[in-house]
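Asker: Just passing along the structure, written as structure tokens.
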Amino acid sequence: MILDAHGHVGTWPDFLIPDPTAGGLVAAMDRIGVTAMGISHLLAVGPDAGRGNRLALEIAERHPGRFGVWQVYNPHHRTPLSLDGVWGVKLHPDVHQCRLDDPRYDPVWELGLPVLSHGQTDSPWSDPEQFATVAARHPDVPILMGHTGLWPSGFARAARLVAGHPNVFLEVCGSKSTGRWIARLASLAGAERVVFGSDACFLDLRIGYGRVALAPLAPADRALIQGGNLARILGPRLP
């Protein structure tokens, strides 16, 4: 089973996305063998979280079993959140310019659902150190650090910072990621703490999965990273 933790649908104003559609994602998923992908709508990440979340839910309904929804929370608008029919909550502290450890995110942590947040080393909004802070405050909330901090110069530091927080998982999508880095993160943090994500439709799903498929990993570790860990995190929320 291959599960992609980090996907999107829709367009973004300053990033070329050749095919922003759910249909395009499904075609690529079928070709590669991806069972399901967690998506947030880029309209929700950007100007309208409420409408974007509704569009993402409609897409999931049109493609049963293929998409789980990460509902986006905008801390400035206090976006309404649901417990039902979603994988969890998506946060983007850098787009919303609100630190991950800011109290304005408290409604998210109180919900108790899995959280996928953009992470970016040296960002004032989403540095991996902030993941350690919120993980200590909310040890029962599974937290996926998107991009493992984004920059390779910070990958090992990200793993070290969250080593003592078993509720934080390193999600590995990003154009700077490599198969060797994925294997090294599995060695540093344990394969049970690393999760595959592609960032499609921003990035090419084929390349994203290829990094995991060809990484120098033991078969059991690859199975955990490409789907087993996310299945364990989501439990009955998995379609």
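Residue numbers start at 1 in each chain; chains themselves are named A, B, ... in the order of the structure tokens; ligands are numbered from 1 in the order shown.
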So that I can check the surroundings of Ala200 of chain A, please list as a list in words every protein, DNA and RNA residue that reaches within 9 Å of it, counting only C-alpha atoms and ignoring chain neighbours fewer than 6 positions away.
Answerer: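 Returned residues: His6, Gly7, His8, Val9, Pro20, Leu25, Ile39 and Gly208 of chain A.
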Asker: Mind checking which residues fall within 7 Å of segment 163-169 of chain A, counting only C-alpha atoms, ignoring those fewer than 3 positions away in the same chain, and posting them as an MDAnalysis selection string?
Answerer: chainID A and resid 132 135:136 139:145 159:160 189 193:195
Asker: Can those selected residues be exported to a file as a compact mmCIF listing (two decimals), in the first residue's frame so that it contains N, CA, C and O atoms?
Answerer:
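Listed below is the output, out-v4.txt:
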# COMPACT_ATOMS: atom_id res chain seq x y z
N ALA A 132 8.84 21.00 17.97
CA ALA A 132 9.16 20.40 19.26
C ALA A 132 8.36 21.06 20.38
O ALA A 132 7.88 20.38 21.30
N ALA A 135 4.69 19.92 20.09
CA ALA A 135 4.60 18.49 20.39
C ALA A 135 4.65 18.24 21.89
O ALA A 135 3.94 17.36 22.40
N ALA A 136 5.47 19.00 22.60
CA ALA A 136 5.55 18.86 24.05
C ALA A 136 4.25 19.32 24.71
O ALA A 136 3.82 18.74 25.71
N PRO A 139 1.08 16.18 23.43
CA PRO A 139 1.73 14.90 23.10
C PRO A 139 0.80 13.86 22.49
O PRO A 139 1.29 12.87 21.93
N ASP A 140 -0.50 14.07 22.58
CA ASP A 140 -1.44 13.10 22.02
C ASP A 140 -1.86 13.43 20.59
O ASP A 140 -2.65 12.67 19.99
N VAL A 141 -1.37 14.54 20.04
CA VAL A 141 -1.73 14.95 18.69
C VAL A 141 -0.62 14.53 17.72
O VAL A 141 0.51 14.99 17.86
N PRO A 142 -0.92 13.67 16.74
CA PRO A 142 0.10 13.35 15.73
C PRO A 142 0.37 14.57 14.85
O PRO A 142 -0.55 15.19 14.34
N ILE A 143 1.64 14.91 14.68
CA ILE A 143 2.04 16.09 13.91
C ILE A 143 3.00 15.66 12.82
O ILE A 143 4.04 15.06 13.10
N LEU A 144 2.67 15.98 11.58
CA LEU A 144 3.55 15.70 10.45
C LEU A 144 4.28 17.00 10.08
O LEU A 144 3.63 18.01 9.77
N MET A 145 5.60 16.97 10.16
CA MET A 145 6.40 18.12 9.78
C MET A 145 6.60 18.10 8.27
O MET A 145 7.40 17.34 7.73
N ALA A 159 15.44 16.31 12.60
CA ALA A 159 15.31 14.99 13.22
C ALA A 159 15.76 15.02 14.68
O ALA A 159 15.12 14.40 15.55
N ARG A 160 16.84 15.73 14.96
CA ARG A 160 17.33 15.80 16.35
C ARG A 160 16.34 16.55 17.24
O ARG A 160 16.10 16.15 18.39
N ALA A 189 16.04 9.07 12.79
CA ALA A 189 14.81 9.17 13.58
C ALA A 189 14.11 7.83 13.79
O ALA A 189 13.25 7.71 14.66
N ARG A 193 9.20 6.83 12.00
CA ARG A 193 8.91 8.25 12.18
C ARG A 193 8.98 9.03 10.87
O ARG A 193 8.89 10.26 10.88
N VAL A 194 9.14 8.35 9.73
CA VAL A 194 9.30 9.00 8.43
C VAL A 194 8.10 8.65 7.56
O VAL A 194 7.68 7.50 7.50
N VAL A 195 7.56 9.66 6.86
CA VAL A 195 6.32 9.50 6.09
C VAL A 195 6.50 10.05 4.68
O VAL A 195 7.01 11.17 4.50
Asker: Using only C-alpha atoms for the distances, tell me which of A:His41, A:His63, A:Arg222, A:His96 is nearest to Ala186 of chain A.
Answerer: A:Arg222
Asker: Could you please write out, as JSON, numbers by chain, every residue of segment 16-73 of chain A that DSSP assigns to alpha helix (DSSP H)?
Answerer: {"A": [22, 23, 24, 25, 26, 27, 28, 29, 30, 31, 32, 42, 43, 44, 45, 49, 50, 51, 52, 53, 54, 55, 56, 57, 58, 59, 60, 61, 62]}
Asker: Can you work out the spacing between atom CA of Glu61 of chain A and atom CA of Asp84 of chain A in Å, to one decimal?
Answerer: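 So the answer is 13.1 Å.
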Asker: Looking at only C-alpha atoms, which of A:Tyr209, A:Phe202, A:Trp181, A:Phe155 is the one that sits closest to Leu42 of chain A?
Answerer: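 That would be A:Phe202, the residue with the smallest distance to Leu42 of chain A.
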Asker: Calculate how many Å separate atom CA of Gly52 of chain A from atom CA of Ser117 of chain A, rounding to one decimal.
Answerer: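 The value is 16.8 Å.
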Asker: To one decimal place, how far is atom CA of Ala22 of chain A from atom CA of Gly38 of chain A in Å?
Answerer: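 These two atoms are separated by 11.6 Å.
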Asker: For Ala60 of chain A, which of A:Leu81, A:Val26, A:Val89, A:Leu100 is the closest residue, counting only C-alpha atoms?
Answerer: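 With only C-alpha atoms as the atom set, the closest residue is A:Val26.
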Asker: For Ala49 of chain A, find every residue with an atom within 8 Å (counting only C-alpha atoms), except residues of its own chain fewer than 5 positions away, and show them as a PDB file with N, CA and C atoms, in the first residue's frame.
Answerer:
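In the end it all went to around-v1.pdb:
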ATOM      1  N   LEU A  43      -6.825  26.899  -2.817  1.00  0.00           N
ATOM      2  CA  LEU A  43      -7.672  28.042  -2.471  1.00  0.00           C
ATOM      3  C   LEU A  43      -7.789  28.164  -0.954  1.00  0.00           C
ATOM      4  N   ALA A  44      -7.830  27.024  -0.277  1.00  0.00           N
ATOM      5  CA  ALA A  44      -7.932  27.035   1.184  1.00  0.00           C
ATOM      6  C   ALA A  44      -6.634  27.487   1.833  1.00  0.00           C
ATOM      7  N   VAL A  72      -7.885  22.986   5.874  1.00  0.00           N
ATOM      8  CA  VAL A  72      -6.962  24.074   6.200  1.00  0.00           C
ATOM      9  C   VAL A  72      -7.560  24.966   7.281  1.00  0.00           C
ATOM     10  N   TYR A  73      -6.720  25.344   8.220  1.00  0.00           N
ATOM     11  CA  TYR A  73      -7.136  26.284   9.273  1.00  0.00           C
ATOM     12  C   TYR A  73      -6.357  27.581   9.106  1.00  0.00           C
ATOM     13  N   ASN A  74      -7.095  28.674   8.932  1.00  0.00           N
ATOM     14  CA  ASN A  74      -6.488  29.999   8.892  1.00  0.00           C
ATOM     15  C   ASN A  74      -6.645  30.627  10.280  1.00  0.00           C
ATOM     16  N   THR A  79     -11.121  29.487  11.006  1.00  0.00           N
ATOM     17  CA  THR A  79     -11.873  28.649  10.085  1.00  0.00           C
ATOM     18  C   THR A  79     -12.610  27.538  10.827  1.00  0.00           C
TER      19      THR A  79
END
Asker: Can you list, as a PyMOL selection string, all residues belonging to segment 89-169 of chain A that DSSP tags as strand (DSSP E or B)?
Answerer: chain A and resi 89-91+115-118+143-146+168-169
Asker: For the selection just defined, write its residues with N, CA and C atoms to a file, as an mmCIF file, in the first residue's frame.
Answerer:
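Below you can see out00.cif, which holds the result:
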data_model
loop_
_atom_site.group_PDB
_atom_site.id
_atom_site.type_symbol
_atom_site.label_atom_id
_atom_site.label_comp_id
_atom_site.auth_asym_id
_atom_site.auth_seq_id
_atom_site.Cartn_x
_atom_site.Cartn_y
_atom_site.Cartn_z
ATOM 1 N N VAL A 89 -5.953 18.192 9.872
ATOM 2 C CA VAL A 89 -5.884 19.637 9.669
ATOM 3 C C VAL A 89 -4.549 19.988 9.022
ATOM 4 N N LYS A 90 -4.615 20.896 8.056
ATOM 5 C CA LYS A 90 -3.429 21.411 7.385
ATOM 6 C C LYS A 90 -3.158 22.838 7.860
ATOM 7 N N LEU A 91 -1.918 23.100 8.253
ATOM 8 C CA LEU A 91 -1.497 24.434 8.658
ATOM 9 C C LEU A 91 -0.383 24.914 7.734
ATOM 10 N N VAL A 115 -2.296 16.489 12.406
ATOM 11 C CA VAL A 115 -2.001 17.802 11.837
ATOM 12 C C VAL A 115 -0.808 17.677 10.891
ATOM 13 N N LEU A 116 -0.977 18.183 9.673
ATOM 14 C CA LEU A 116 0.121 18.324 8.715
ATOM 15 C C LEU A 116 0.428 19.803 8.599
ATOM 16 N N SER A 117 1.632 20.189 8.966
ATOM 17 C CA SER A 117 2.015 21.598 8.896
ATOM 18 C C SER A 117 3.246 21.778 8.028
ATOM 19 N N HIS A 118 3.225 22.831 7.240
ATOM 20 C CA HIS A 118 4.438 23.263 6.549
ATOM 21 C C HIS A 118 5.533 23.489 7.587
ATOM 22 N N ILE A 143 1.642 14.909 14.677
ATOM 23 C CA ILE A 143 2.040 16.087 13.910
ATOM 24 C C ILE A 143 3.005 15.659 12.818
ATOM 25 N N LEU A 144 2.672 15.976 11.576
ATOM 26 C CA LEU A 144 3.554 15.702 10.451
ATOM 27 C C LEU A 144 4.278 16.998 10.082
ATOM 28 N N MET A 145 5.599 16.966 10.164
ATOM 29 C CA MET A 145 6.399 18.119 9.783
ATOM 30 C C MET A 145 6.596 18.101 8.270
ATOM 31 N N GLY A 146 5.844 18.948 7.565
ATOM 32 C CA GLY A 146 5.935 18.996 6.123
ATOM 33 C C GLY A 146 7.325 19.364 5.651
ATOM 34 N N VAL A 168 5.712 13.383 16.624
ATOM 35 C CA VAL A 168 6.101 14.146 15.436
ATOM 36 C C VAL A 168 6.692 13.191 14.402
ATOM 37 N N PHE A 169 6.229 13.347 13.158
ATOM 38 C CA PHE A 169 6.690 12.517 12.055
ATOM 39 C C PHE A 169 7.300 13.409 10.982
#
Asker: Quick one: everything within 10 Å of Leu238 of chain A, counting only C-alpha atoms, minus sequence neighbours fewer than 2 positions away in the same chain. Send it as an mmCIF file with C-alpha atoms, in the first residue's frame.
Answerer:
data_model
loop_
_atom_site.group_PDB
_atom_site.id
_atom_site.type_symbol
_atom_site.label_atom_id
_atom_site.label_comp_id
_atom_site.auth_asym_id
_atom_site.auth_seq_id
_atom_site.Cartn_x
_atom_site.Cartn_y
_atom_site.Cartn_z
ATOM 1 C CA LEU A 3 -0.130 6.447 0.787
ATOM 2 C CA ALA A 36 -4.679 7.326 -1.622
ATOM 3 C CA GLY A 38 -4.089 13.487 1.447
ATOM 4 C CA GLY A 65 -11.154 6.011 -1.454
ATOM 5 C CA ARG A 66 -8.550 7.999 -3.388
ATOM 6 C CA PHE A 67 -8.324 11.262 -1.461
ATOM 7 C CA GLY A 68 -8.298 12.156 2.195
ATOM 8 C CA GLY A 85 -14.858 12.976 6.830
ATOM 9 C CA VAL A 86 -11.300 14.338 6.986
ATOM 10 C CA TRP A 87 -7.799 13.035 7.631
ATOM 11 C CA LEU A 230 0.518 7.005 7.743
ATOM 12 C CA ALA A 231 -1.983 4.140 7.943
ATOM 13 C CA ARG A 232 -1.104 3.758 11.631
ATOM 14 C CA ILE A 233 -1.452 7.514 12.248
ATOM 15 C CA LEU A 234 -4.816 7.770 10.497
ATOM 16 C CA GLY A 235 -6.326 4.529 11.783
ATOM 17 C CA PRO A 236 -10.044 4.391 10.960
#
Asker: Need to verify the contact set: Leu161 of chain A, 9 Å, only C-alpha atoms, exclusion of same-chain residues closer than 6 positions in sequence. Can you return it as an MDAnalysis selection string?
Answerer: chainID A and resid 128:129 131:132
Asker: Which one is closest to Asp14 of chain A: A:Gly46, A:Gly112, A:Ala213, A:Asp30? Count only C-alpha atoms.
Answerer: A:Gly46
Asker: With distances taken over only C-alpha atoms, which residue among A:Ile17, A:Ile225, A:Leu188, A:Leu150 lies nearest Asp122 of chain A?
Answerer: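 Closest to Asp122 of chain A, using only C-alpha atoms: A:Leu150.
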Asker: Identify which of the residues A:Asp94, A:Asp4, A:Asp101, A:Glu110 lies closest to Ser198 of chain A, counting only C-alpha atoms when measuring atom-to-atom distances.
Answerer: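 Looking at the shortest contact to Ser198 of chain A, the residue is A:Asp4.
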